[in-house]
$ cat start.txt   # compact mmCIF, C-alpha atoms
# COMPACT_ATOMS: atom_id res chain seq x y z
CA MET A 165 -91.81 -45.04 42.54
CA SER A 166 -88.13 -45.11 43.51
CA ARG A 167 -86.04 -48.03 42.36
CA PHE A 168 -83.97 -48.39 45.54
CA SER A 169 -84.76 -48.46 49.25
CA PRO A 170 -82.70 -47.77 52.37
CA GLY A 171 -80.35 -50.69 52.97
CA ASP A 172 -80.02 -51.63 49.28
CA ALA A 173 -76.50 -52.32 48.08
CA VAL A 174 -75.72 -50.23 44.99
CA ARG A 175 -72.79 -49.54 42.73
CA VAL A 176 -72.11 -46.15 41.17
CA ARG A 177 -71.73 -46.35 37.41
CA ASN A 178 -68.18 -46.12 36.18
CA ASP A 179 -69.18 -43.62 33.50
CA TRP A 180 -67.10 -40.60 32.46
CA PRO A 181 -69.27 -38.16 30.50
CA GLU A 182 -66.43 -35.66 30.86
CA THR A 183 -64.57 -37.57 28.15
CA SER A 184 -67.45 -37.51 25.65
CA GLY A 185 -66.39 -34.21 24.05
CA ARG A 186 -69.79 -32.73 24.95
CA ARG A 187 -70.17 -29.98 27.52
CA VAL A 188 -71.41 -31.66 30.68
CA HIS A 189 -72.29 -30.84 34.28
CA ILE A 190 -72.02 -33.84 36.57
CA ARG A 191 -72.79 -33.98 40.30
CA THR A 192 -71.36 -37.45 40.91
CA PRO A 193 -67.88 -37.00 42.41
CA HIS A 194 -65.06 -38.81 40.63
CA PHE A 195 -64.02 -40.72 43.72
CA VAL A 196 -67.30 -42.65 44.02
CA ARG A 197 -67.58 -43.72 40.38
CA GLY A 198 -67.44 -47.48 40.06
CA ARG A 199 -67.66 -47.82 43.86
CA GLU A 200 -70.02 -49.86 45.98
CA GLY A 201 -72.22 -48.35 48.66
CA VAL A 202 -75.47 -48.74 50.56
CA VAL A 203 -78.55 -46.55 50.26
CA GLU A 204 -78.92 -44.67 53.52
CA ARG A 205 -81.96 -42.50 52.70
CA VAL A 206 -84.30 -41.75 49.84
CA LEU A 207 -84.22 -37.97 49.52
CA GLY A 208 -87.03 -37.31 47.05
CA THR A 209 -87.43 -36.63 43.35
CA TYR A 210 -85.86 -33.64 41.63
CA PRO A 211 -85.24 -32.29 38.13
CA ASN A 212 -81.94 -33.51 36.70
CA PRO A 213 -79.18 -30.92 37.31
CA GLU A 214 -77.18 -32.28 34.36
CA SER A 215 -79.66 -30.69 31.96
CA LEU A 216 -80.87 -27.87 34.23
CA ALA A 217 -77.32 -26.60 33.93
CA PHE A 218 -77.89 -26.01 30.21
CA GLY A 219 -81.21 -24.22 30.51
CA GLN A 220 -83.35 -27.32 29.96
CA PRO A 221 -86.20 -28.28 32.31
CA GLY A 222 -84.34 -31.29 33.77
CA LEU A 223 -87.01 -33.83 32.89
CA PRO A 224 -87.67 -36.56 33.62
CA PRO A 225 -87.10 -35.90 37.33
CA GLN A 226 -84.77 -38.34 39.06
CA THR A 227 -84.94 -39.85 42.52
CA LEU A 228 -82.09 -38.68 44.73
CA TYR A 229 -80.45 -41.05 47.22
CA GLN A 230 -78.07 -40.52 50.09
CA VAL A 231 -75.56 -43.32 49.54
CA ARG A 232 -73.11 -44.43 52.22
CA PHE A 233 -69.60 -45.68 51.47
CA ALA A 234 -66.78 -47.02 53.63
CA GLN A 235 -64.08 -44.33 53.64
CA ALA A 236 -61.30 -46.90 53.64
CA ALA A 237 -62.71 -48.37 50.41
CA LEU A 238 -62.75 -44.96 48.71
CA PHE A 239 -59.39 -43.77 50.01
CA PRO A 240 -57.18 -46.72 51.02
CA ASP A 241 -54.34 -44.32 51.82
CA GLY A 242 -56.60 -41.87 53.63
CA THR A 243 -56.86 -41.51 57.38
CA GLY A 244 -60.33 -42.94 57.83
CA ASN A 245 -60.75 -45.69 60.41
CA ALA A 246 -62.35 -49.02 59.54
CA ARG A 247 -65.64 -47.64 60.83
CA ASP A 248 -65.55 -44.24 59.10
CA THR A 249 -68.02 -43.55 56.33
CA LEU A 250 -68.78 -41.04 53.63
CA THR A 251 -72.12 -40.16 52.09
CA ALA A 252 -72.89 -38.53 48.77
CA ASP A 253 -76.28 -37.53 47.40
CA LEU A 254 -76.58 -39.30 44.05
CA TYR A 255 -79.25 -39.45 41.34
CA GLU A 256 -80.87 -42.75 40.44
CA HIS A 257 -79.53 -42.87 36.87
CA TRP A 258 -76.01 -43.09 38.32
CA LEU A 259 -76.79 -46.16 40.45
CA GLU A 260 -77.15 -49.82 39.64
CA ALA A 261 -78.11 -52.70 41.91
CA HIS A 262 -75.20 -54.57 43.36
CA PRO A 263 -75.93 -58.06 44.64
CA MET B 192 -68.66 -17.93 23.25
CA THR B 193 -65.67 -20.19 23.48
CA ASP B 194 -66.46 -23.74 24.41
CA ARG B 195 -64.41 -24.64 27.41
CA HIS B 196 -65.27 -28.26 27.91
CA HIS B 197 -61.91 -29.95 27.75
CA HIS B 198 -62.12 -31.29 31.22
CA HIS B 199 -59.62 -34.04 30.99
CA ASP B 200 -57.35 -31.46 32.53
CA HIS B 201 -55.46 -33.27 35.20
CA VAL B 202 -54.35 -31.68 38.40
CA HIS B 203 -51.99 -28.81 37.76
CA ALA B 204 -49.44 -29.10 40.51
CA GLY B 205 -50.21 -26.42 43.06
CA ASP B 206 -47.61 -23.72 43.52
CA PRO B 207 -46.45 -24.19 47.11
CA HIS B 208 -45.65 -20.49 47.35
CA ALA B 209 -49.02 -19.26 46.14
CA PRO B 210 -51.40 -18.04 48.81
CA ILE B 211 -53.69 -20.86 49.84
CA SER B 212 -56.64 -18.60 50.47
CA ASP B 213 -58.19 -16.51 47.74
CA HIS B 214 -61.00 -15.05 49.78
CA GLY B 215 -61.62 -11.69 51.33
CA ARG B 216 -59.13 -9.82 49.19
CA GLU B 217 -60.28 -6.88 47.12
CA PRO B 218 -61.18 -7.81 43.55
CA SER B 219 -58.93 -6.89 40.69
CA PHE B 220 -59.75 -3.58 39.04
CA ASP B 221 -61.23 -5.31 35.99
CA TYR B 222 -63.67 -7.30 38.12
CA LEU B 223 -64.55 -4.28 40.24
CA VAL B 224 -65.47 -2.51 37.01
CA LEU B 225 -67.33 -5.53 35.63
CA GLU B 226 -69.43 -5.90 38.79
CA ARG B 227 -70.57 -2.31 38.61
CA ALA B 228 -71.25 -2.58 34.90
CA VAL B 229 -73.31 -5.75 35.21
CA ARG B 230 -75.26 -4.40 38.18
CA GLU B 231 -75.98 -1.02 36.56
CA LEU B 232 -77.02 -2.62 33.28
CA LEU B 233 -79.38 -5.04 35.03
CA ILE B 234 -80.91 -2.27 37.13
CA GLY B 235 -81.19 -0.08 34.02
CA LYS B 236 -83.06 -2.86 32.23
CA GLY B 237 -85.44 -3.26 35.18
CA VAL B 238 -84.31 -6.78 36.03
CA PHE B 239 -84.14 -5.75 39.69
CA THR B 240 -84.05 -2.47 41.58
CA ALA B 241 -81.23 -0.91 43.57
CA ASP B 242 -83.46 -1.23 46.65
CA GLU B 243 -83.92 -4.95 46.13
CA TRP B 244 -80.16 -5.32 45.77
CA ARG B 245 -79.49 -3.37 48.98
CA ARG B 246 -82.16 -5.32 50.88
CA GLN B 247 -80.71 -8.66 49.82
CA ILE B 248 -77.28 -7.62 51.11
CA GLU B 249 -78.86 -6.64 54.43
CA LEU B 250 -80.75 -9.93 54.59
CA MET B 251 -77.54 -11.87 54.05
CA ASP B 252 -75.82 -9.85 56.76
CA SER B 253 -78.59 -10.88 59.16
CA ARG B 254 -77.99 -14.58 58.56
CA ASN B 255 -75.21 -15.76 60.79
CA PRO B 256 -74.32 -18.73 63.00
CA ALA B 257 -76.26 -17.30 65.97
CA VAL B 258 -79.40 -18.30 64.05
CA GLY B 259 -78.31 -21.94 63.89
CA ALA B 260 -77.18 -21.81 67.50
CA ARG B 261 -80.74 -20.92 68.56
CA LEU B 262 -82.09 -23.96 66.75
CA VAL B 263 -79.53 -26.23 68.39
CA ALA B 264 -80.08 -24.83 71.89
CA ARG B 265 -83.85 -25.25 71.55
CA ALA B 266 -83.36 -28.82 70.34
CA TRP B 267 -81.17 -29.53 73.37
CA VAL B 268 -83.79 -28.41 75.88
CA ASP B 269 -86.96 -29.53 74.06
CA PRO B 270 -86.96 -33.15 72.78
CA ALA B 271 -90.19 -32.65 70.80
CA PHE B 272 -88.67 -29.62 69.03
CA LYS B 273 -85.59 -31.69 68.29
CA GLN B 274 -87.73 -34.29 66.52
CA ARG B 275 -89.43 -31.54 64.51
CA LEU B 276 -86.02 -30.04 63.66
CA LEU B 277 -84.75 -33.38 62.40
CA ALA B 278 -87.93 -34.08 60.42
CA ASP B 279 -88.49 -30.60 58.93
CA PRO B 280 -85.67 -28.12 59.58
CA LYS B 281 -87.24 -25.22 57.68
CA GLY B 282 -90.52 -25.71 59.53
CA ALA B 283 -88.70 -25.77 62.86
CA ALA B 284 -86.77 -22.64 61.87
CA ALA B 285 -90.05 -20.89 61.09
CA GLU B 286 -91.23 -21.68 64.63
CA LEU B 287 -88.34 -19.53 65.88
CA GLY B 288 -89.20 -16.75 63.44
CA ILE B 289 -86.44 -17.63 60.98
CA ASP B 290 -87.56 -17.05 57.39
CA THR B 291 -86.03 -19.51 54.93
CA THR B 292 -88.39 -19.11 51.98
CA ASN B 293 -86.80 -19.45 48.53
CA THR B 294 -83.70 -21.17 49.90
CA PRO B 295 -82.50 -24.71 49.25
CA GLU B 296 -83.71 -27.56 51.43
CA VAL B 297 -81.82 -28.17 54.68
CA ALA B 298 -81.23 -31.50 56.43
CA VAL B 299 -80.09 -31.70 60.05
CA VAL B 300 -77.82 -34.57 61.09
CA GLU B 301 -77.41 -35.38 64.77
CA ASN B 302 -74.05 -36.18 66.35
CA THR B 303 -74.16 -39.05 68.85
CA PRO B 304 -71.52 -40.71 71.04
CA ASP B 305 -71.11 -43.26 68.22
CA ARG B 306 -71.15 -40.99 65.18
CA HIS B 307 -69.71 -37.56 64.36
CA HIS B 308 -70.65 -35.78 61.13
CA LEU B 309 -68.41 -33.57 58.98
CA ILE B 310 -69.98 -31.58 56.15
CA THR B 311 -68.30 -30.60 52.90
CA CYS B 312 -69.10 -29.89 49.26
CA THR B 313 -66.22 -31.27 47.19
CA LEU B 314 -67.73 -30.05 43.90
CA CYS B 315 -68.28 -26.42 44.84
CA SER B 316 -69.19 -24.93 48.24
CA CYS B 317 -72.79 -25.80 49.10
CA TYR B 318 -73.59 -24.70 52.64
CA PRO B 319 -76.76 -24.04 54.70
CA LYS B 320 -76.58 -20.28 54.09
CA ALA B 321 -80.21 -19.74 55.04
CA ILE B 322 -79.39 -20.78 58.60
CA LEU B 323 -75.68 -20.02 59.04
CA GLY B 324 -75.05 -17.16 56.60
CA ILE B 325 -72.05 -17.08 54.29
CA PRO B 326 -69.56 -19.96 54.76
CA PRO B 327 -66.06 -19.30 56.05
CA ALA B 328 -63.31 -18.96 53.46
CA TRP B 329 -61.70 -22.25 54.49
CA TYR B 330 -64.91 -24.19 53.81
CA LYS B 331 -64.81 -22.97 50.18
CA SER B 332 -61.10 -23.65 49.76
CA ASP B 333 -59.63 -26.27 47.45
CA THR B 334 -57.78 -27.66 50.46
CA TYR B 335 -60.82 -28.33 52.62
CA ARG B 336 -62.82 -29.72 49.71
CA ALA B 337 -60.00 -32.10 48.79
CA ARG B 338 -59.00 -33.07 52.32
CA ALA B 339 -62.29 -33.48 54.20
CA VAL B 340 -63.16 -36.69 52.36
CA LYS B 341 -59.68 -38.24 52.49
CA ASP B 342 -58.30 -37.02 55.82
CA PRO B 343 -61.26 -36.11 58.05
CA ARG B 344 -59.42 -36.85 61.28
CA GLY B 345 -56.49 -34.69 60.17
CA VAL B 346 -58.88 -31.86 59.34
CA LEU B 347 -60.53 -32.12 62.75
CA ARG B 348 -57.14 -32.16 64.42
CA GLU B 349 -56.21 -28.89 62.67
CA PHE B 350 -59.28 -27.39 64.26
CA GLY B 351 -58.24 -28.73 67.66
CA THR B 352 -60.78 -31.54 67.66
CA GLU B 353 -59.79 -35.09 68.56
CA LEU B 354 -62.34 -37.87 68.45
CA ALA B 355 -62.01 -41.31 70.04
CA PRO B 356 -60.93 -43.90 67.47
CA ASP B 357 -64.10 -45.91 67.94
CA VAL B 358 -66.33 -42.97 66.99
CA GLU B 359 -67.50 -43.23 63.39
CA ILE B 360 -66.74 -40.10 61.40
CA ARG B 361 -69.34 -39.68 58.68
CA VAL B 362 -68.23 -37.19 56.04
CA MET B 363 -71.21 -35.90 54.08
CA ASP B 364 -70.56 -34.56 50.59
CA SER B 365 -73.35 -32.12 49.66
CA THR B 366 -73.51 -33.08 46.00
CA ALA B 367 -77.14 -32.19 45.30
CA ASP B 368 -79.27 -29.28 46.51
CA LEU B 369 -79.70 -30.53 50.06
CA ARG B 370 -77.66 -28.45 52.52
CA TYR B 371 -76.53 -30.13 55.72
CA LEU B 372 -76.42 -28.73 59.26
CA VAL B 373 -74.85 -30.67 62.12
CA LEU B 374 -76.68 -30.86 65.44
CA PRO B 375 -73.72 -31.13 67.83
CA MET B 376 -73.94 -33.07 71.10
CA ARG B 377 -74.84 -31.11 74.19
CA PRO B 378 -71.69 -30.76 76.31
CA PRO B 379 -71.75 -32.40 79.76
CA GLY B 380 -72.17 -30.20 82.81
CA THR B 381 -74.69 -27.89 81.13
CA GLU B 382 -77.84 -29.06 82.92
CA SER B 383 -78.33 -25.78 84.75
CA LEU B 384 -77.74 -23.45 81.80
CA SER B 385 -80.50 -21.40 80.21
CA GLU B 386 -81.36 -21.76 76.54
CA ALA B 387 -79.58 -18.47 75.76
CA GLU B 388 -76.47 -19.63 77.63
CA LEU B 389 -76.57 -22.93 75.76
CA ALA B 390 -76.81 -21.12 72.42
CA ARG B 391 -73.53 -19.34 73.23
CA LEU B 392 -71.79 -22.73 73.36
CA VAL B 393 -72.86 -23.62 69.82
CA THR B 394 -70.21 -22.43 67.39
CA ARG B 395 -70.40 -22.21 63.62
CA ASP B 396 -67.62 -24.79 63.42
CA SER B 397 -69.61 -27.27 65.54
CA MET B 398 -72.51 -26.99 63.08
CA ILE B 399 -70.15 -27.77 60.17
CA GLY B 400 -68.55 -30.61 62.12
CA VAL B 401 -64.90 -29.54 62.38
CA ALA B 402 -65.47 -28.93 66.08
CA VAL B 403 -67.75 -29.91 68.94
CA ALA B 404 -69.81 -27.46 70.97
CA ARG B 405 -67.82 -25.47 73.52
CA ALA B 406 -67.62 -26.57 77.13
CA PRO B 407 -69.34 -24.27 79.63
CA GLU B 408 -67.29 -21.78 81.64
CA PRO B 409 -66.28 -23.35 84.95
CA VAL B 410 -68.55 -22.16 87.76
CA ARG B 411 -66.80 -20.62 90.75
CA MET C 101 -50.36 -44.85 36.56
CA SER C 102 -54.00 -44.31 35.72
CA GLN C 103 -55.60 -40.98 36.44
CA SER C 104 -59.34 -40.51 36.32
CA PRO C 105 -60.49 -37.93 33.75
CA ARG C 106 -62.12 -35.81 36.40
CA ALA C 107 -63.24 -32.22 35.80
CA GLN C 108 -61.20 -29.41 37.35
CA HIS C 109 -63.74 -28.63 40.08
CA ASP C 110 -64.11 -32.27 41.18
CA LEU C 111 -61.64 -32.01 44.03
CA GLY C 112 -62.42 -34.73 46.58
CA GLY C 113 -59.17 -36.40 47.66
CA VAL C 114 -57.12 -34.60 45.00
CA GLU C 115 -53.45 -33.93 45.64
CA PRO C 116 -51.64 -31.72 46.45
CA PHE C 117 -54.68 -30.01 48.02
CA ALA C 118 -55.54 -33.03 50.15
CA SER C 119 -52.16 -32.80 51.89
CA GLN C 120 -52.01 -29.05 52.47
CA PRO C 121 -52.68 -27.30 55.79
CA ILE C 122 -55.98 -25.46 55.94
CA ASP C 123 -55.78 -21.68 56.08
CA ARG C 124 -58.19 -21.01 58.92
CA ALA C 125 -57.93 -17.22 58.78
CA GLU C 126 -61.32 -15.57 58.86
CA HIS C 127 -61.76 -13.33 55.86
CA GLU C 128 -64.33 -10.60 56.04
CA LEU C 129 -66.51 -10.50 52.96
CA THR C 130 -65.88 -7.43 50.83
CA GLN C 131 -68.63 -5.24 49.45
CA PHE C 132 -67.81 -6.77 46.06
CA ASP C 133 -68.38 -10.28 47.44
CA LYS C 134 -71.72 -9.36 48.99
CA SER C 135 -72.86 -7.60 45.85
CA VAL C 136 -72.09 -10.53 43.57
CA ASP C 137 -73.82 -12.93 45.96
CA ALA C 138 -76.88 -10.66 46.02
CA ILE C 139 -76.95 -10.31 42.23
CA MET C 140 -76.99 -14.09 41.85
CA TYR C 141 -79.75 -14.43 44.44
CA LEU C 142 -81.89 -11.85 42.64
CA LEU C 143 -81.29 -13.34 39.17
CA SER C 144 -82.17 -16.85 40.36
CA HIS C 145 -85.17 -15.78 42.46
CA PRO C 146 -88.37 -17.68 41.50
CA SER C 147 -89.97 -14.40 40.39
CA ARG C 148 -87.32 -13.98 37.68
CA ARG C 149 -85.63 -17.35 37.11
CA LEU C 150 -83.08 -15.73 34.79
CA LEU C 151 -80.30 -17.98 36.05
CA ARG C 152 -80.26 -21.27 37.88
CA VAL C 153 -77.65 -22.30 40.45
CA ASP C 154 -76.93 -25.32 38.24
CA GLU C 155 -76.12 -23.01 35.32
CA LEU C 156 -73.77 -20.92 37.44
CA ARG C 157 -71.97 -24.05 38.64
CA ARG C 158 -71.62 -25.19 35.03
CA ALA C 159 -70.35 -21.78 33.92
CA ILE C 160 -67.72 -21.75 36.68
CA GLU C 161 -66.67 -25.32 35.86
CA SER C 162 -66.22 -24.12 32.26
CA LEU C 163 -63.71 -21.41 33.11
CA THR C 164 -60.25 -21.90 31.70
CA PRO C 165 -57.84 -23.69 34.05
CA ALA C 166 -56.00 -20.40 34.58
CA GLN C 167 -59.21 -18.59 35.53
CA TYR C 168 -60.31 -21.43 37.80
CA ARG C 169 -56.96 -21.40 39.54
CA ASP C 170 -56.31 -17.65 39.75
CA LEU C 171 -59.62 -15.88 40.17
CA ALA C 172 -60.97 -15.27 43.65
CA TYR C 173 -64.17 -17.04 44.68
CA TYR C 174 -66.62 -14.25 43.86
CA GLU C 175 -64.63 -13.17 40.79
CA LYS C 176 -65.39 -16.66 39.45
CA TRP C 177 -69.06 -16.15 40.28
CA LEU C 178 -69.11 -12.80 38.50
CA GLN C 179 -67.36 -14.20 35.43
CA GLY C 180 -69.87 -17.06 35.37
CA ILE C 181 -72.85 -14.72 35.79
CA HIS C 182 -71.50 -12.47 33.03
CA ASP C 183 -70.92 -15.38 30.65
CA LEU C 184 -74.42 -16.77 31.27
CA LEU C 185 -76.15 -13.41 30.81
CA LEU C 186 -74.41 -13.05 27.43
CA GLU C 187 -75.32 -16.63 26.54
CA LYS C 188 -78.96 -15.88 27.29
CA ASP C 189 -78.99 -12.51 25.49
CA VAL C 190 -79.92 -10.70 28.71
CA LEU C 191 -76.83 -8.59 28.21
CA HIS C 192 -74.84 -7.96 25.05
CA ASP C 193 -71.13 -7.83 24.64
CA GLU C 194 -71.07 -4.31 23.24
CA GLU C 195 -73.10 -2.70 26.01
CA VAL C 196 -71.00 -4.47 28.65
CA MET C 197 -67.80 -3.24 27.04
CA LEU C 198 -69.10 0.32 26.64
CA THR C 199 -70.36 0.44 30.23
CA CYS C 200 -67.07 -0.96 31.54
CA ALA C 201 -65.11 1.61 29.53
CA ALA C 202 -67.20 4.46 30.92
CA ILE C 203 -66.82 3.20 34.49
CA ARG C 204 -63.11 2.70 34.02
CA GLU C 205 -62.75 6.28 32.76
CA GLU C 206 -64.79 7.62 35.65
CA LEU C 207 -62.75 5.75 38.24
CA MET C 208 -59.45 6.76 36.71
CA ALA C 209 -60.48 10.41 36.42
CA LYS C 210 -61.49 10.35 40.08
CA ASP C 211 -58.12 8.90 40.91
CA LYS C 212 -56.25 11.55 38.95
CA GLY C 213 -58.38 14.33 40.41
CA GLY C 214 -57.04 13.48 43.84
CA ARG C 215 -59.01 13.14 47.07
$ encode --input "start.txt" --output "C-alpha cells"
Amino acid sequence: MSRFSPGDAVRVRNDWPETSGRRVHIRTPHFVRGREGVVERVLGTYPNPESLAFGQPGLPPQTLYQVRFAQAALFPDGTGNARDTLTADLYEHWLEAHP
Amino acid sequence: MTDRHHHHDHVHAGDPHAPISDHGREPSFDYLVLERAVRELLIGKGVFTADEWRRQIELMDSRNPAVGARLVARAWVDPAFKQRLLADPKGAAAELGIDTTNTPEVAVVENTPDRHHLITCTLCSCYPKAILGIPPAWYKSDTYRARAVKDPRGVLREFGTELAPDVEIRVMDSTADLRYLVLPMRPPGTESLSEAELARLVTRDSMIGVAVARAPEPVR
Amino acid sequence: MSQSPRAQHDLGGVEPFASQPIDRAEHELTQFDKSVDAIMYLLSHPSRRLLRVDELRRAIESLTPAQYRDLAYYEKWLQGIHDLLLEKDVLHDEEVMLTCAAIREELMAKDKGGR
C-alpha cells in the first residue's frame, strides 16, 4: 500500500547521509533535497538501491514515485520558464507529506 | 580496500583547457592490460565463456536508434499500438520482434504541443539501451548531466532546437531503474508517408528530447 | 556561501559544467568500451548475479576525485568492476597482478619484435 498518490504535495527530506561518515549510495539528487513537489505517478515497489549497492537484499522494498518540481523553484538562476518542470524518480522514505 | 567515502568533496574547478569529452579514446595501456586480465581470469574460472562475451558484444551492436524509430513510426500510424506502447513499452517492443528480456524497465513519454520532454541521468548515465543501444558520448558527459536540469532551453538550442516559450519543457532525471524514451510528435506534412519513411524521420536525438523529429523531404 | 555536501557524481546544475558548451562530437565506441560493457552485462545477468548495477554505481562513486575526473567512462567502469570483484573474493589481488604482468610482458615483447 503506497503512502502517496498522484497529485499529492510532498517535500523531499533535507537529509545528507553523505556527511554521516558511512559509505553511502544515494539516488536522490542534491538539488531536490528539501524541495517541494507533486507526485506525478506511482511507479511501483522496488528493493532499496541504497543497500543493494552494498550487496544486501534491499529490503524492505520501497515504493518509487515520479515527483514533479517547478524548474524555477529548483534553479532560480536557470533558464527554465515559469511553466517548465523537472521530474525525478524518488523512493518513499525520502518523501514526506507537505500540506 | 581503501575506503573512499569522503564525499564532502566540493566541485573541483574544471580545467578550461582539458578536453570536455573523455569518450571514444583508446584506453591507457594499464587499463587495456587490466581489461584483458580481468576477462581472461573470469573466463578461466568459468564465470562466462568467450562465446558468451562475443555474443553480447554482437547483441549490443544490433541495438541502435533504428529500433526505437520503428516503435515511434508504428505508434504514429496505429493509435491502438501507441496506447500499448505507452502502457507497456517492452510488450509493444516484443510485438515488433524486439527482445528486451533481462533489461531495465522502459517508460515512454509522449511529446505534445503543450509539453516537450528532455531525458537525462544527472547521477550517472541511465539510458534506454535495450531500445536505442549505447548512448552518445555527450549524454554521458558531466556537461550534459549538469546542464540539462538547469538550462534545458540552452541545451536544446545547442542542438538546433527552439521551442515556443509557452511549451512546457519537462526534464526527466532518470534517478531509479526506469529508463525513459521520448515519443516525439509526428511532423506535419507526413500524412502520405509509409511507416518505413516515417521511421527515417525519427532520430536518436528526438527520442532523447534534444531535438524533434526531422521534417520530411520536400516533394517535387 | 553555503555549499551542499553533495557527492562527486551528483552533478545536476553544478558549475562550471552547467555553463560549458556540449561537445556533440560522435565518438565511436572502442573494442575496449564494448568489452567492458559486455563483461558488466554478463556479471550482472540473472543467471550469475555476481554484480549488481547498484554496486557498480557505488564503486564508481567511490573512486578518488582524481580517478573520477581523469579516467575515461569505461575505464571507470572497469576500475569499479575490478574493485568489486576483489571485494567479493571472485578475483584476488595476486592473480590479477600476475596476469597483468604476463600480459604486459607479452604486449611489450610483441612491440619490440616489430610488425
$ residues_around --input "start.txt" --residues "Ala298 in chain B" --least-positions-apart "3" --cutoff "7 Å" --atoms "all atoms listed in the file" --output "list in words"
Pro280, Leu369, Arg370, Tyr371 and Leu372 of chain B
$ interface_residues --input "start.txt" --of "chain B" --to "chain A" --cutoff "6 Å" --atoms "all atoms listed in the file" --output "short mmCIF file (atom, residue, chain, number, x, y, z; two decimals) with C-alpha atoms, in the coordinates of the input"
data_model
loop_
_atom_site.label_atom_id
_atom_site.label_comp_id
_atom_site.auth_asym_id
_atom_site.auth_seq_id
_atom_site.Cartn_x
_atom_site.Cartn_y
_atom_site.Cartn_z
CA HIS B 196 -65.27 -28.26 27.91
CA LYS B 341 -59.68 -38.24 52.49
CA ASP B 342 -58.30 -37.02 55.82
CA GLU B 359 -67.50 -43.23 63.39
CA ILE B 360 -66.74 -40.10 61.40
CA ARG B 361 -69.34 -39.68 58.68
CA VAL B 362 -68.23 -37.19 56.04
CA MET B 363 -71.21 -35.90 54.08
CA ASP B 364 -70.56 -34.56 50.59
CA THR B 366 -73.51 -33.08 46.00
CA ALA B 367 -77.14 -32.19 45.30
#
$ residues_around --input "start.txt" --residues "Gly222 in chain A" --least-positions-apart "5" --cutoff "6 Å" --atoms "all atoms listed in the file" --output "PyMOL selection string"
chain A and resi 211-212+215-216
$ closest_atom_pairs --input "start.txt" --of "chain C" --to "chain A" --cutoff "6 Å" --atoms "only C-alpha atoms" --output "JSON lines"
{"residue": "C:Arg106", "atom": "CA", "partner": "A:His194", "partner_atom": "CA", "distance": 6.0}
{"residue": "C:Asp154", "atom": "CA", "partner": "A:Ala217", "partner_atom": "CA", "distance": 4.5}
{"residue": "C:Glu155", "atom": "CA", "partner": "A:Ala217", "partner_atom": "CA", "distance": 4.0}
{"residue": "C:Arg158", "atom": "CA", "partner": "A:His189", "partner_atom": "CA", "distance": 5.7}
$ atom_distance --input "start.txt" --atom1 "CA of Pro170 in chain A" --atom2 "CA of Ala266 in chain B"
26.1 Å
$ closest_residue --input "start.txt" --among "B:Gly259, B:Gly380, B:Pro375, B:Pro327" --to "chain C" --atoms "all atoms listed in the file"
B:Pro327
